[in-house]
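Structure data follow from my_file_33.cif (mmCIF, C-alpha atoms):
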data_run
loop_
_atom_site.group_PDB
_atom_site.id
_atom_site.type_symbol
_atom_site.label_atom_id
_atom_site.label_comp_id
_atom_site.auth_asym_id
_atom_site.auth_seq_id
_atom_site.Cartn_x
_atom_site.Cartn_y
_atom_site.Cartn_z
ATOM 1 C CA MET A 1 -24.821 -2.174 96.913
ATOM 2 C CA ASP A 2 -22.979 1.139 96.906
ATOM 3 C CA LEU A 3 -20.841 3.080 99.356
ATOM 4 C CA SER A 4 -23.675 5.318 100.539
ATOM 5 C CA GLU A 5 -25.719 2.272 101.560
ATOM 6 C CA LEU A 6 -22.718 0.843 103.391
ATOM 7 C CA ARG A 7 -22.221 4.148 105.245
ATOM 8 C CA ILE A 8 -25.879 4.122 106.325
ATOM 9 C CA PHE A 9 -25.629 0.480 107.394
ATOM 10 C CA SER A 10 -22.456 1.172 109.392
ATOM 11 C CA ALA A 11 -24.019 4.236 111.032
ATOM 12 C CA VAL A 12 -27.112 2.264 112.120
ATOM 13 C CA VAL A 13 -24.868 -0.356 113.704
ATOM 14 C CA ARG A 14 -22.550 2.167 115.407
ATOM 15 C CA GLU A 15 -25.378 4.403 116.660
ATOM 16 C CA GLY A 16 -27.549 1.502 117.834
ATOM 17 C CA GLY A 17 -30.614 2.336 115.763
ATOM 18 C CA VAL A 18 -32.223 4.217 112.900
ATOM 19 C CA THR A 19 -33.136 7.375 114.838
ATOM 20 C CA ARG A 20 -29.635 8.243 116.030
ATOM 21 C CA ALA A 21 -28.099 7.159 112.682
ATOM 22 C CA ALA A 22 -30.473 9.520 110.842
ATOM 23 C CA GLU A 23 -29.442 12.382 113.127
ATOM 24 C CA ARG A 24 -25.756 11.677 112.570
ATOM 25 C CA LEU A 25 -26.168 11.427 108.787
ATOM 26 C CA HIS A 26 -28.558 14.389 108.586
ATOM 27 C CA ARG A 27 -31.227 12.270 106.921
ATOM 28 C CA VAL A 28 -34.867 11.606 107.727
ATOM 29 C CA GLN A 29 -35.568 8.289 109.452
ATOM 30 C CA SER A 30 -37.718 6.995 106.603
ATOM 31 C CA ASN A 31 -34.847 7.440 104.178
ATOM 32 C CA VAL A 32 -32.468 5.475 106.416
ATOM 33 C CA THR A 33 -35.030 2.680 106.822
ATOM 34 C CA THR A 34 -35.632 2.538 103.052
ATOM 35 C CA ARG A 35 -31.939 2.354 102.217
ATOM 36 C CA ILE A 36 -31.378 -0.479 104.715
ATOM 37 C CA ARG A 37 -34.242 -2.442 103.171
ATOM 38 C CA GLN A 38 -32.863 -1.813 99.691
ATOM 39 C CA LEU A 39 -29.480 -3.135 100.826
ATOM 40 C CA GLU A 40 -31.120 -6.257 102.286
ATOM 41 C CA ASP A 41 -33.079 -6.797 99.061
ATOM 42 C CA ASP A 42 -29.891 -6.397 97.023
ATOM 43 C CA LEU A 43 -28.032 -8.959 99.152
ATOM 44 C CA GLY A 44 -31.018 -11.269 99.477
ATOM 45 C CA THR A 45 -30.713 -11.595 103.236
ATOM 46 C CA SER A 46 -31.763 -9.880 106.469
ATOM 47 C CA LEU A 47 -29.092 -7.793 108.146
ATOM 48 C CA PHE A 48 -30.970 -6.966 111.377
ATOM 49 C CA LEU A 49 -33.258 -8.736 113.818
ATOM 50 C CA ARG A 50 -35.972 -6.248 114.759
ATOM 51 C CA GLU A 51 -37.345 -6.246 118.297
ATOM 52 C CA GLY A 52 -39.639 -3.268 118.473
ATOM 53 C CA LYS A 53 -37.432 -0.232 117.954
ATOM 54 C CA ARG A 54 -34.269 -2.165 118.747
ATOM 55 C CA LEU A 55 -32.086 -3.665 116.020
ATOM 56 C CA HIS A 56 -29.636 -6.543 116.413
ATOM 57 C CA LEU A 57 -27.224 -7.730 113.731
ATOM 58 C CA THR A 58 -27.910 -11.102 112.127
ATOM 59 C CA PRO A 59 -24.962 -13.391 111.344
ATOM 60 C CA SER A 60 -25.081 -12.037 107.772
ATOM 61 C CA GLY A 61 -25.027 -8.505 109.159
ATOM 62 C CA GLN A 62 -21.939 -9.335 111.219
ATOM 63 C CA VAL A 63 -20.153 -10.582 108.099
ATOM 64 C CA LEU A 64 -21.146 -7.503 106.084
ATOM 65 C CA LEU A 65 -20.008 -5.137 108.830
ATOM 66 C CA GLY A 66 -16.413 -6.332 108.533
ATOM 67 C CA TYR A 67 -16.421 -5.836 104.763
ATOM 68 C CA ALA A 68 -18.215 -2.490 105.051
ATOM 69 C CA ASP A 69 -15.569 -1.143 107.425
ATOM 70 C CA ARG A 70 -12.770 -2.185 105.074
ATOM 71 C CA LEU A 71 -14.475 -0.849 101.940
ATOM 72 C CA LEU A 72 -15.296 2.489 103.556
ATOM 73 C CA ALA A 73 -11.772 2.865 104.900
ATOM 74 C CA LEU A 74 -10.351 2.073 101.462
ATOM 75 C CA ALA A 75 -12.694 4.601 99.843
ATOM 76 C CA ASP A 76 -11.578 7.266 102.314
ATOM 77 C CA GLU A 77 -7.948 6.403 101.603
ATOM 78 C CA ALA A 78 -8.538 6.654 97.851
ATOM 79 C CA ARG A 79 -10.267 10.019 98.250
ATOM 80 C CA ALA A 80 -7.363 11.351 100.289
ATOM 81 C CA ALA A 81 -4.806 9.995 97.816
ATOM 82 C CA VAL A 82 -6.519 11.705 94.874
ATOM 83 C CA HIS A 83 -6.124 15.087 96.570
ATOM 84 C CA ASP A 84 -2.702 14.397 98.091
ATOM 85 C CA PRO A 85 -0.058 16.548 96.337
ATOM 86 C CA ARG A 86 2.789 14.310 97.501
ATOM 87 C CA PRO A 87 4.441 11.912 95.021
ATOM 88 C CA ARG A 88 3.341 8.363 95.798
ATOM 89 C CA GLY A 89 2.338 5.024 94.312
ATOM 90 C CA VAL A 90 3.692 3.320 91.200
ATOM 91 C CA PHE A 91 5.390 5.593 88.655
ATOM 92 C CA ARG A 92 5.661 3.847 85.262
ATOM 93 C CA LEU A 93 8.414 5.499 83.279
ATOM 94 C CA GLY A 94 9.655 4.802 79.758
ATOM 95 C CA ALA A 95 13.022 5.608 78.183
ATOM 96 C CA MET A 96 15.200 4.871 75.201
ATOM 97 C CA GLU A 97 18.006 2.407 75.879
ATOM 98 C CA SER A 98 20.776 5.010 75.686
ATOM 99 C CA THR A 99 18.915 7.423 77.984
ATOM 100 C CA ALA A 100 18.255 4.718 80.557
ATOM 101 C CA ALA A 101 21.867 3.562 80.545
ATOM 102 C CA VAL A 102 23.639 6.923 80.640
ATOM 103 C CA ARG A 103 21.358 9.790 81.601
ATOM 104 C CA LEU A 104 18.918 8.377 84.135
ATOM 105 C CA PRO A 105 20.926 6.595 86.858
ATOM 106 C CA GLU A 106 21.790 9.792 88.743
ATOM 107 C CA PRO A 107 18.434 11.637 88.543
ATOM 108 C CA LEU A 108 16.448 8.481 89.292
ATOM 109 C CA ASN A 109 18.673 7.794 92.290
ATOM 110 C CA GLN A 110 17.997 11.337 93.521
ATOM 111 C CA PHE A 111 14.287 10.844 92.904
ATOM 112 C CA HIS A 112 14.280 7.612 94.896
ATOM 113 C CA GLN A 113 16.084 9.271 97.813
ATOM 114 C CA LEU A 114 13.645 12.191 97.876
ATOM 115 C CA TYR A 115 10.446 10.203 97.317
ATOM 116 C CA PRO A 116 10.730 6.724 98.870
ATOM 117 C CA ASP A 117 6.945 6.255 98.715
ATOM 118 C CA VAL A 118 7.117 6.117 94.914
ATOM 119 C CA VAL A 119 7.740 2.737 93.263
ATOM 120 C CA LEU A 120 9.573 3.294 89.967
ATOM 121 C CA GLU A 121 9.023 0.965 87.020
ATOM 122 C CA LEU A 122 11.083 1.427 83.832
ATOM 123 C CA ARG A 123 10.230 0.293 80.304
ATOM 124 C CA ILE A 124 12.766 0.466 77.455
ATOM 125 C CA GLY A 125 11.668 1.195 73.895
ATOM 126 C CA ASN A 126 11.959 3.474 70.907
ATOM 127 C CA PRO A 127 10.035 6.787 70.817
ATOM 128 C CA GLU A 128 7.201 5.421 68.693
ATOM 129 C CA THR A 129 6.625 2.444 70.993
ATOM 130 C CA LEU A 130 6.801 4.555 74.154
ATOM 131 C CA ALA A 131 4.417 7.205 72.790
ATOM 132 C CA LYS A 132 1.860 4.498 71.995
ATOM 133 C CA ALA A 133 2.303 3.041 75.494
ATOM 134 C CA ILE A 134 1.500 6.429 77.059
ATOM 135 C CA LEU A 135 -1.653 6.830 74.961
ATOM 136 C CA ALA A 136 -2.699 3.267 75.855
ATOM 137 C CA GLY A 137 -2.310 4.028 79.579
ATOM 138 C CA GLU A 138 0.482 1.481 80.000
ATOM 139 C CA ILE A 139 3.073 4.001 81.231
ATOM 140 C CA ASP A 140 2.804 7.477 82.764
ATOM 141 C CA ALA A 141 5.655 9.351 81.050
ATOM 142 C CA ALA A 142 8.694 8.689 78.871
ATOM 143 C CA PHE A 143 12.016 10.106 77.763
ATOM 144 C CA VAL A 144 12.045 10.177 73.960
ATOM 145 C CA ALA A 145 14.001 11.877 71.198
ATOM 146 C CA GLU A 146 12.363 14.560 69.100
ATOM 147 C CA PRO A 147 10.502 14.815 66.821
ATOM 148 C CA ILE A 148 7.391 13.667 68.675
ATOM 149 C CA ALA A 149 3.780 14.672 67.998
ATOM 150 C CA ASP A 150 2.675 17.839 69.821
ATOM 151 C CA VAL A 151 -1.089 17.313 69.884
ATOM 152 C CA PRO A 152 -1.526 14.445 72.387
ATOM 153 C CA PHE A 153 1.432 15.201 74.663
ATOM 154 C CA GLU A 154 2.898 17.649 77.116
ATOM 155 C CA LYS A 155 6.667 17.806 76.731
ATOM 156 C CA VAL A 156 9.619 19.316 78.576
ATOM 157 C CA HIS A 157 13.255 19.414 77.480
ATOM 158 C CA ALA A 158 15.372 16.922 79.396
ATOM 159 C CA PHE A 159 18.733 16.352 77.676
ATOM 160 C CA ASP A 160 20.694 17.276 74.560
ATOM 161 C CA GLU A 161 22.617 14.515 72.827
ATOM 162 C CA GLU A 162 25.264 14.661 70.095
ATOM 163 C CA PRO A 163 24.963 11.702 67.730
ATOM 164 C CA VAL A 164 28.270 10.474 66.307
ATOM 165 C CA ILE A 165 29.248 7.740 63.901
ATOM 166 C CA VAL A 166 31.756 5.257 65.351
ATOM 167 C CA SER A 167 34.022 2.905 63.468
ATOM 168 C CA THR A 168 37.221 0.957 63.996
ATOM 169 C CA ALA A 169 40.287 3.091 64.718
ATOM 170 C CA ASP A 170 41.709 2.595 61.194
ATOM 171 C CA HIS A 171 38.495 3.375 59.307
ATOM 172 C CA PRO A 172 38.768 6.136 56.669
ATOM 173 C CA SER A 173 36.916 9.408 57.099
ATOM 174 C CA ILE A 174 33.137 9.093 56.951
ATOM 175 C CA GLY A 175 31.294 11.184 54.379
ATOM 176 C CA LYS A 176 33.729 11.033 51.479
ATOM 177 C CA LYS A 177 32.374 9.784 48.168
ATOM 178 C CA GLY A 178 32.634 6.045 47.990
ATOM 179 C CA SER A 179 33.236 5.659 51.729
ATOM 180 C CA ALA A 180 29.898 3.993 52.535
ATOM 181 C CA PRO A 181 30.547 0.974 54.797
ATOM 182 C CA ARG A 182 29.533 -2.493 53.771
ATOM 183 C CA CYS A 183 27.554 -2.943 57.016
ATOM 184 C CA VAL A 184 25.787 -0.710 59.565
ATOM 185 C CA LEU A 185 24.781 -1.781 63.068
ATOM 186 C CA VAL A 186 21.442 -0.411 64.247
ATOM 187 C CA PHE A 187 18.472 -0.861 66.559
ATOM 188 C CA GLU A 188 15.005 -1.882 65.378
ATOM 189 C CA ASN A 189 12.870 0.332 63.132
ATOM 190 C CA GLY A 190 11.564 3.327 65.060
ATOM 191 C CA CYS A 191 14.952 4.118 66.619
ATOM 192 C CA PRO A 192 15.784 7.798 65.915
ATOM 193 C CA HIS A 193 19.516 7.036 65.682
ATOM 194 C CA ARG A 194 18.911 4.416 63.020
ATOM 195 C CA LYS A 195 16.828 6.881 61.043
ATOM 196 C CA ARG A 196 19.518 9.569 61.332
ATOM 197 C CA LEU A 197 22.145 7.139 59.982
ATOM 198 C CA GLU A 198 19.911 5.968 57.131
ATOM 199 C CA ASP A 199 19.084 9.581 56.250
ATOM 200 C CA TRP A 200 22.794 10.442 56.335
ATOM 201 C CA TYR A 201 23.614 7.905 53.613
ATOM 202 C CA ALA A 202 20.406 8.432 51.613
ATOM 203 C CA LYS A 203 21.179 12.163 51.374
ATOM 204 C CA ARG A 204 24.574 11.297 49.904
ATOM 205 C CA GLY A 205 23.184 8.767 47.466
ATOM 206 C CA GLU A 206 24.917 5.824 49.115
ATOM 207 C CA MET A 207 23.500 2.949 51.097
ATOM 208 C CA PRO A 208 25.345 0.199 52.990
ATOM 209 C CA GLU A 209 25.140 -3.313 51.633
ATOM 210 C CA ARG A 210 23.965 -4.867 54.893
ATOM 211 C CA THR A 211 22.057 -3.798 58.009
ATOM 212 C CA ILE A 212 22.341 -5.761 61.262
ATOM 213 C CA GLU A 213 19.872 -5.118 64.087
ATOM 214 C CA LEU A 214 21.149 -5.435 67.669
ATOM 215 C CA GLY A 215 19.463 -5.009 71.033
ATOM 216 C CA SER A 216 21.980 -2.950 73.028
ATOM 217 C CA TYR A 217 24.564 -0.245 72.488
ATOM 218 C CA HIS A 218 27.353 -2.208 74.167
ATOM 219 C CA ALA A 219 26.738 -5.139 71.819
ATOM 220 C CA MET A 220 26.749 -2.665 68.933
ATOM 221 C CA LEU A 221 30.040 -1.096 70.050
ATOM 222 C CA GLY A 222 31.607 -4.513 70.543
ATOM 223 C CA CYS A 223 30.710 -5.416 66.966
ATOM 224 C CA VAL A 224 32.148 -2.112 65.724
ATOM 225 C CA VAL A 225 35.464 -2.862 67.479
ATOM 226 C CA ALA A 226 35.407 -6.313 65.867
ATOM 227 C CA GLY A 227 35.221 -4.662 62.446
ATOM 228 C CA MET A 228 31.704 -5.813 61.580
ATOM 229 C CA GLY A 229 30.472 -2.350 60.601
ATOM 230 C CA ILE A 230 29.806 1.173 61.805
ATOM 231 C CA ALA A 231 27.102 2.589 64.085
ATOM 232 C CA LEU A 232 25.528 5.913 64.995
ATOM 233 C CA LEU A 233 24.767 6.544 68.648
ATOM 234 C CA PRO A 234 24.812 9.309 71.289
ATOM 235 C CA GLU A 235 28.396 10.227 72.159
ATOM 236 C CA SER A 236 27.473 10.080 75.845
ATOM 237 C CA VAL A 237 27.168 6.279 75.564
ATOM 238 C CA LEU A 238 30.893 6.007 74.832
ATOM 239 C CA ALA A 239 31.663 7.052 78.418
ATOM 240 C CA THR A 240 30.369 3.655 79.547
ATOM 241 C CA PHE A 241 32.387 1.608 77.007
ATOM 242 C CA PRO A 242 35.823 0.463 78.218
ATOM 243 C CA GLU A 243 37.235 -0.146 74.709
ATOM 244 C CA GLY A 244 36.627 3.411 73.510
ATOM 245 C CA LYS A 245 40.301 3.904 72.557
ATOM 246 C CA ARG A 246 39.826 1.318 69.816
ATOM 247 C CA LEU A 247 37.162 3.429 68.112
ATOM 248 C CA THR A 248 37.209 6.437 65.825
ATOM 249 C CA ILE A 249 34.519 9.058 66.357
ATOM 250 C CA HIS A 250 33.194 10.733 63.214
ATOM 251 C CA ARG A 251 31.233 13.917 63.907
ATOM 252 C CA LEU A 252 28.232 14.979 61.868
ATOM 253 C CA PRO A 253 27.965 18.436 60.300
ATOM 254 C CA ARG A 254 26.114 21.266 62.029
ATOM 255 C CA GLY A 255 22.366 20.834 61.717
ATOM 256 C CA GLU A 256 22.637 17.046 61.863
ATOM 257 C CA ASN A 257 24.649 16.751 65.074
ATOM 258 C CA ARG A 258 22.007 17.211 67.768
ATOM 259 C CA PHE A 259 19.175 15.214 69.298
ATOM 260 C CA GLU A 260 16.846 16.734 71.854
ATOM 261 C CA THR A 261 15.486 14.305 74.437
ATOM 262 C CA VAL A 262 12.214 15.376 76.013
ATOM 263 C CA LEU A 263 10.053 14.038 78.822
ATOM 264 C CA ILE A 264 6.509 13.533 77.530
ATOM 265 C CA TRP A 265 3.172 12.605 79.083
ATOM 266 C CA ARG A 266 -0.439 12.676 77.922
ATOM 267 C CA LYS A 267 -1.988 16.141 77.969
ATOM 268 C CA GLY A 268 -4.107 16.640 81.074
ATOM 269 C CA SER A 269 -2.456 13.715 82.855
ATOM 270 C CA GLY A 270 0.247 15.527 84.781
ATOM 271 C CA SER A 271 0.726 14.092 88.263
ATOM 272 C CA PRO A 272 2.704 14.828 91.436
ATOM 273 C CA ASN A 273 5.128 12.092 90.371
ATOM 274 C CA ILE A 274 5.819 13.766 87.020
ATOM 275 C CA GLN A 275 6.159 17.180 88.640
ATOM 276 C CA ALA A 276 8.615 15.775 91.184
ATOM 277 C CA LEU A 277 10.716 14.217 88.412
ATOM 278 C CA LEU A 278 10.782 17.524 86.529
ATOM 279 C CA GLU A 279 12.049 19.277 89.641
ATOM 280 C CA VAL A 280 14.837 16.709 90.024
ATOM 281 C CA LEU A 281 15.840 17.158 86.371
ATOM 282 C CA GLN A 282 15.817 20.951 86.669
ATOM 283 C CA LYS A 283 18.123 20.808 89.696
ATOM 284 C CA GLY A 284 20.661 18.884 87.630
ATOM 285 C CA GLY A 285 20.812 15.350 86.268
ATOM 286 C CA SER A 286 23.727 13.304 84.980
ATOM 287 C CA THR A 287 26.382 14.859 82.763
ATOM 288 C CA PRO A 288 28.413 11.994 81.266
ATOM 289 C CA ARG A 289 31.991 12.514 80.190
ATOM 290 C CA ARG A 290 32.718 12.712 76.500
ATOM 291 C CA GLY A 291 33.676 9.316 75.174
ATOM 292 C CA ALA A 292 37.217 8.255 74.574
ATOM 293 C CA GLY A 293 38.470 7.507 71.086
ATOM 294 C CA ARG A 294 40.190 9.156 68.149
ATOM 295 C CA LYS A 295 38.070 11.974 66.675
ATOM 296 C CA ASN A 296 37.691 12.440 62.960
#

What do you get writing this file as structure tokens?
Amino acid sequence: MDLSELRIFSAVVREGGVTRAAERLHRVQSNVTTRIRQLEDDLGTSLFLREGKRLHLTPSGQVLLGYADRLLALADEARAAVHDPRPRGVFRLGAMESTAAVRLPEPLNQFHQLYPDVVLELRIGNPETLAKAILAGEIDAAFVAEPIADVPFEKVHAFDEEPVIVSTADHPSIGKKGSAPRCVLVFENGCPHRKRLEDWYAKRGEMPERTIELGSYHAMLGCVVAGMGIALLPESVLATFPEGKRLTIHRLPRGENRFETVLIWRKGSGSPNIQALLEVLQKGGSTPRRGAGRKN
């Protein structure tokens, strides 16, 4: 049973016979008759009672007609949706935790106001996890920090972030020989900020004694204030932390003090939803205040 057979069946019913259905469908009568018989053979039941040239629906035919109308209408709707340039449907978006918390509230609010027919779903993860989710078809696009592979993805610049090291207010200057902290607070492996911090100390031949993994930046900052260790994170996150005055911000040297966040999606899989989001970003997204705290 396929859609073409259902269209022929529906036409025979609506037109009251094979002859007029064939004229409407621009088919020869024998072809219409053959396709109806094939449909009956496929279903294992008669769909029409034949009285000479007149056809009457059987009870099975009545049941099928209701389903045929719904299936054909749904097929027409799907065909129209495929060619509809308007944003619509479910838009599965991924983002890093810091991006979702600080950068996305304003542009996603604008997106929702402009495109109420789109249902946004958000997944949080590190760049590696989100890239794999795109390739697996689990999400449509994601905000990730560079570097990210060029070959499988389209990418557009979204935000620039300045990573900073934060410590307690009385912590000595970061970067001096022998100043490696006993403990660093980080996200799971795959987090670009964790890698930047590990690279920072590896380049200087020093490594912290302990590494503690946490699941959110606010938990991380709370532990920094408590004196448990230091952390590296986007400075924009500090704008959302009420205890910023109890922190010292240590800036990284030029060449190590920038992260580029890009919006990526699988090559060839651009959609009206992605295009609409790009337009919102280009018109201006969120610009968080610089975080409070003593700078070092």

Would you please work out which residue, of A:Glu161, A:Phe91, A:Gly205, A:Glu23, is nearest to A:Ala141 when using all atoms listed in the file?
A:Phe91

Residues near A:Ala149, anyone? I mean within 12 Å using all atoms listed in the file, not counting same-chain ones fewer than 5 positions away, as a PDB file with C-alpha atoms, keeping the file's coordinate frame.
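Here's the written file part21.pdb:
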ATOM      1  CA  PRO A 127      10.035   6.787  70.817  1.00  0.00           C
ATOM      2  CA  GLU A 128       7.201   5.421  68.693  1.00  0.00           C
ATOM      3  CA  ALA A 131       4.417   7.205  72.790  1.00  0.00           C
ATOM      4  CA  LYS A 132       1.860   4.498  71.995  1.00  0.00           C
ATOM      5  CA  LEU A 135      -1.653   6.830  74.961  1.00  0.00           C
ATOM      6  CA  VAL A 144      12.045  10.177  73.960  1.00  0.00           C
ATOM      7  CA  GLU A 154       2.898  17.649  77.116  1.00  0.00           C
ATOM      8  CA  LYS A 155       6.667  17.806  76.731  1.00  0.00           C
ATOM      9  CA  VAL A 262      12.214  15.376  76.013  1.00  0.00           C
ATOM     10  CA  ILE A 264       6.509  13.533  77.530  1.00  0.00           C
ATOM     11  CA  TRP A 265       3.172  12.605  79.083  1.00  0.00           C
ATOM     12  CA  ARG A 266      -0.439  12.676  77.922  1.00  0.00           C
ATOM     13  CA  LYS A 267      -1.988  16.141  77.969  1.00  0.00           C
TER      14      LYS A 267
END

Work out how far atom CA of A:Ser10 is from atom CA of A:Asp69, in Å to one decimal.
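About the pair atom CA of A:Asp69 and atom CA of A:Ser10: they are 7.5 Å apart.
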
Might you pull out every residue within 12 Å of A:Glu256, with all atoms listed in the file counted and same-chain residues fewer than 3 positions away left off, and present them as a PyMOL selection string?
chain A and resi 161-165+193+195-197+199-200+203+232+251-253+259-260

Expand the PyMOL selection byres ((chain A and resi 237) around 12) into the individual residues it matches in the shown file, reporting them as a VMD selection string.
chain A and resid 97 to 103 161 to 166 216 to 218 220 to 221 232 to 236 238 to 244 287 to 292

To verify the selection step, state as a VMD selection string which residues the PyMOL selection byres ((chain A and resi 168) around 12) yields on this input.
chain A and resid 165 to 167 169 to 174 181 221 to 231 243 to 250 293 to 296
